[in-house]
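Enquirer: I'd like to ask some things about the structure below.
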Amino acid sequence: MAHIIPKSPQNANHTPRKRFGQNFLHDTNVIAQIVSSIRLMRDDNLLEIGPGLGALTEPLLAEVDGMTVIELDRDLASALKINIGANSHPDFTIINDNAMEVDYRNLAQQVGKGAFRVVGNLPYNISTPILFRLLEFSDVIKDMHFMLQKEVVERITAEPATKEYGRLSVIMQYHCQSEYLLTVPKGAFNPPPKVTSAVFRLIPYDTKPITAKDEHVFAIVVREVFNHRRKTLRAIFKNNALLPSLDETAFEQVGINPQARPETLSVADFVALADLVVDKQGKS
């Protein structure tokens, strides 16, 4: 059964810090559901980002032979060292650092156990930057299980032609398989956040189903198109300084209706548009 680190002098009086976006998970039923949804194996190379007071850390550690955690808050990192490190677990490593600045490829080499399975209750204020950062190291990441603001998770896992579908949906689904796992109520945290949370899974593709000719151009196309999501594709590509003008023939070439709006396009459609831009730039 999932359990919580007992309150000790080192963590009982810890005041959640707004600058770190701290909301600590305490609901044991939710913790058990999260641990169960990850489906851990004893020899998994587990990495937790933002363990906080360790409510999720101990149940996770009970499922594997060892794990690494990254905690920015120095006081919390010290408390984890006392509460879990004092139990003399043979393979529990605490890194007091900013998850946005860690070289995960280098860390994977140091740990030496293969690709990471990454878990975390990410601060809402920096969740998207951390996700994009981790995508840069997808070659050393087997999968990711995160808890975020529910509406962000809905955007990441959204299907085309829905109001939630947007830039985040396309970029994440280009790089990974995504799956919405469970909803987490506000009361599962202390202090309760102002929004409902959700847990989701990302599995980076070993081989992407479809690959853009230039992923930098692909990212620009996705961003610029969704910056004008109420316009038609024809209008977007006609009046954008960062995108070349595409005529009817170009759209016909890839089977996309120039009158379509951004949220109706699949990931493959965006790749096709980005490849058209690359080809057009190459001819200019």
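Letters A, B, ... go to the chains of the structure tokens in the order shown; residues in each chain start at 1; ligands are counted from 1 in the same order.
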Which polymer residues have any atom within 10 Å of an atom of region 232-241 of chain A, counting only C-alpha atoms, with same-chain residues fewer than 3 positions away left out, as a PyMOL selection string?
Expert: chain A and resi 221+224-229+244-248+251+256-262+277
Enquirer: Going by DSSP on the backbone, which bits of region 142-273 of chain A are helix (DSSP H, G or I)? Write them as a VMD selection string, please.
Expert: chain A and resid 150 to 156 167 to 175 186 to 188 215 to 226 233 to 238 248 to 253 262 to 264 267 to 273
Enquirer: I need the residue nearest Gln109 (chain A) from this list: A:Thr264, A:Arg223, A:Ile49, A:Val140. Use only C-alpha atoms for the distance.
Expert: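 For Gln109 (chain A), the nearest of the given residues is A:Val140.
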Enquirer: Skipping near chain neighbours, those fewer than 4 positions away, what residues fall within 9 Å of Phe218 (chain A) using only C-alpha atoms, listed as a PyMOL selection string?
Expert: chain A and resi 171+212-214+222-223+270-271+273-275+277-278
Enquirer: For Glu151 (chain A), please output as a ChimeraX atom specification all residues within 9 Å (counting only C-alpha atoms; exclusion window: fewer than 4 positions along the same chain).
Expert: /A:155-156,164,195-198
Enquirer: Hey, what's within 12 Å of Phe132 (chain A) if we count only C-alpha atoms and toss same-chain stuff fewer than 4 positions away? As a PyMOL selection string, please?
Expert: chain A and resi 99-100+126-128+136-138+156+168+171-172+175-176+219
Enquirer: Filtering to all heavy atoms, could you give me those residues as a tab-separated table (two decimals), in the first residue's frame?
Expert:
```tsv
chain	number	residue	atom	x	y	z
A	99	ALA	N	15.87	21.07	-12.59
A	99	ALA	CA	15.58	20.07	-13.63
A	99	ALA	C	15.72	20.65	-15.04
A	99	ALA	O	15.94	19.90	-16.00
A	99	ALA	CB	14.17	19.51	-13.45
A	100	MET	N	15.60	21.96	-15.18
A	100	MET	CA	15.75	22.60	-16.48
A	100	MET	C	17.21	22.67	-16.92
A	100	MET	O	17.49	22.96	-18.08
A	100	MET	CB	15.17	24.02	-16.45
A	100	MET	CG	13.66	24.06	-16.50
A	100	MET	SD	13.03	23.47	-18.10
A	100	MET	CE	13.68	24.70	-19.22
A	126	ILE	N	6.18	25.94	-14.68
A	126	ILE	CA	7.30	25.62	-15.59
A	126	ILE	C	7.13	24.25	-16.25
A	126	ILE	O	8.08	23.69	-16.78
A	126	ILE	CB	8.65	25.67	-14.86
A	126	ILE	CG1	8.70	24.68	-13.69
A	126	ILE	CG2	8.98	27.07	-14.39
A	126	ILE	CD1	10.09	24.45	-13.15
A	127	SER	N	5.92	23.70	-16.22
A	127	SER	CA	5.71	22.34	-16.73
A	127	SER	C	6.02	22.20	-18.21
A	127	SER	O	6.70	21.26	-18.62
A	127	SER	CB	4.28	21.89	-16.45
A	127	SER	OG	3.34	22.76	-17.06
A	128	THR	N	5.54	23.13	-19.03
A	128	THR	CA	5.77	23.02	-20.47
A	128	THR	C	7.25	23.14	-20.82
A	128	THR	O	7.76	22.33	-21.61
A	128	THR	CB	4.94	24.06	-21.24
A	128	THR	OG1	3.54	23.85	-20.94
A	128	THR	CG2	5.15	23.94	-22.73
A	136	GLU	N	14.46	16.90	-25.64
A	136	GLU	CA	15.82	16.99	-26.20
A	136	GLU	C	16.66	15.78	-25.83
A	136	GLU	O	17.69	15.52	-26.45
A	136	GLU	CB	16.50	18.27	-25.69
A	136	GLU	CG	15.82	19.56	-26.11
A	136	GLU	CD	16.49	20.77	-25.48
A	136	GLU	OE1	17.64	20.64	-25.01
A	136	GLU	OE2	15.84	21.83	-25.45
A	137	PHE	N	16.20	15.03	-24.81
A	137	PHE	CA	16.96	13.87	-24.34
A	137	PHE	C	16.13	12.58	-24.48
A	137	PHE	O	16.32	11.63	-23.72
A	137	PHE	CB	17.34	14.08	-22.86
A	137	PHE	CG	18.24	15.26	-22.63
A	137	PHE	CD1	17.69	16.50	-22.32
A	137	PHE	CD2	19.62	15.14	-22.74
A	137	PHE	CE1	18.51	17.59	-22.11
A	137	PHE	CE2	20.44	16.23	-22.52
A	137	PHE	CZ	19.89	17.47	-22.21
A	138	SER	N	15.25	12.56	-25.47
A	138	SER	CA	14.34	11.42	-25.62
A	138	SER	C	15.06	10.11	-25.89
A	138	SER	O	14.52	9.03	-25.67
A	138	SER	CB	13.32	11.70	-26.73
A	138	SER	OG	13.96	11.90	-27.96
A	156	ILE	N	-2.31	18.26	-24.33
A	156	ILE	CA	-1.24	17.36	-24.80
A	156	ILE	C	-1.82	16.12	-25.47
A	156	ILE	O	-1.29	15.65	-26.48
A	156	ILE	CB	-0.34	16.96	-23.61
A	156	ILE	CG1	0.49	18.15	-23.14
A	156	ILE	CG2	0.58	15.79	-23.99
A	156	ILE	CD1	1.26	17.91	-21.86
A	168	LEU	N	0.75	22.47	-28.49
A	168	LEU	CA	1.29	21.49	-27.56
A	168	LEU	C	0.90	20.07	-27.97
A	168	LEU	O	1.70	19.14	-27.86
A	168	LEU	CB	0.80	21.80	-26.15
A	168	LEU	CG	1.55	21.17	-24.98
A	168	LEU	CD1	3.03	21.49	-25.02
A	168	LEU	CD2	0.94	21.61	-23.65
A	171	ILE	N	3.14	19.09	-31.21
A	171	ILE	CA	4.55	18.89	-30.92
A	171	ILE	C	4.77	17.64	-30.08
A	171	ILE	O	5.65	16.81	-30.37
A	171	ILE	CB	5.16	20.12	-30.21
A	171	ILE	CG1	5.12	21.34	-31.13
A	171	ILE	CG2	6.58	19.83	-29.77
A	171	ILE	CD1	5.94	21.20	-32.39
A	172	MET	N	3.99	17.48	-29.02
A	172	MET	CA	4.16	16.32	-28.14
A	172	MET	C	3.82	15.02	-28.87
A	172	MET	O	4.51	14.01	-28.73
A	172	MET	CB	3.30	16.46	-26.88
A	172	MET	CG	3.81	17.50	-25.92
A	172	MET	SD	5.46	17.07	-25.28
A	172	MET	CE	6.00	18.67	-24.67
A	175	HIS	N	6.51	13.74	-31.27
A	175	HIS	CA	7.66	13.09	-30.63
A	175	HIS	C	7.29	11.85	-29.82
A	175	HIS	O	8.14	10.98	-29.61
A	175	HIS	CB	8.37	14.08	-29.71
A	175	HIS	CG	9.10	15.17	-30.42
A	175	HIS	ND1	10.34	14.99	-31.00
A	175	HIS	CD2	8.76	16.46	-30.67
A	175	HIS	CE1	10.74	16.11	-31.56
A	175	HIS	NE2	9.81	17.03	-31.37
A	176	CYS	N	6.06	11.77	-29.33
A	176	CYS	CA	5.70	10.74	-28.36
A	176	CYS	C	4.28	10.20	-28.58
A	176	CYS	O	3.41	10.89	-29.11
A	176	CYS	CB	5.74	11.29	-26.93
A	176	CYS	SG	7.23	12.14	-26.43
A	219	ALA	N	8.60	23.01	-36.17
A	219	ALA	CA	8.19	23.68	-34.94
A	219	ALA	C	7.72	25.11	-35.22
A	219	ALA	O	6.74	25.58	-34.62
A	219	ALA	CB	9.33	23.68	-33.94
```
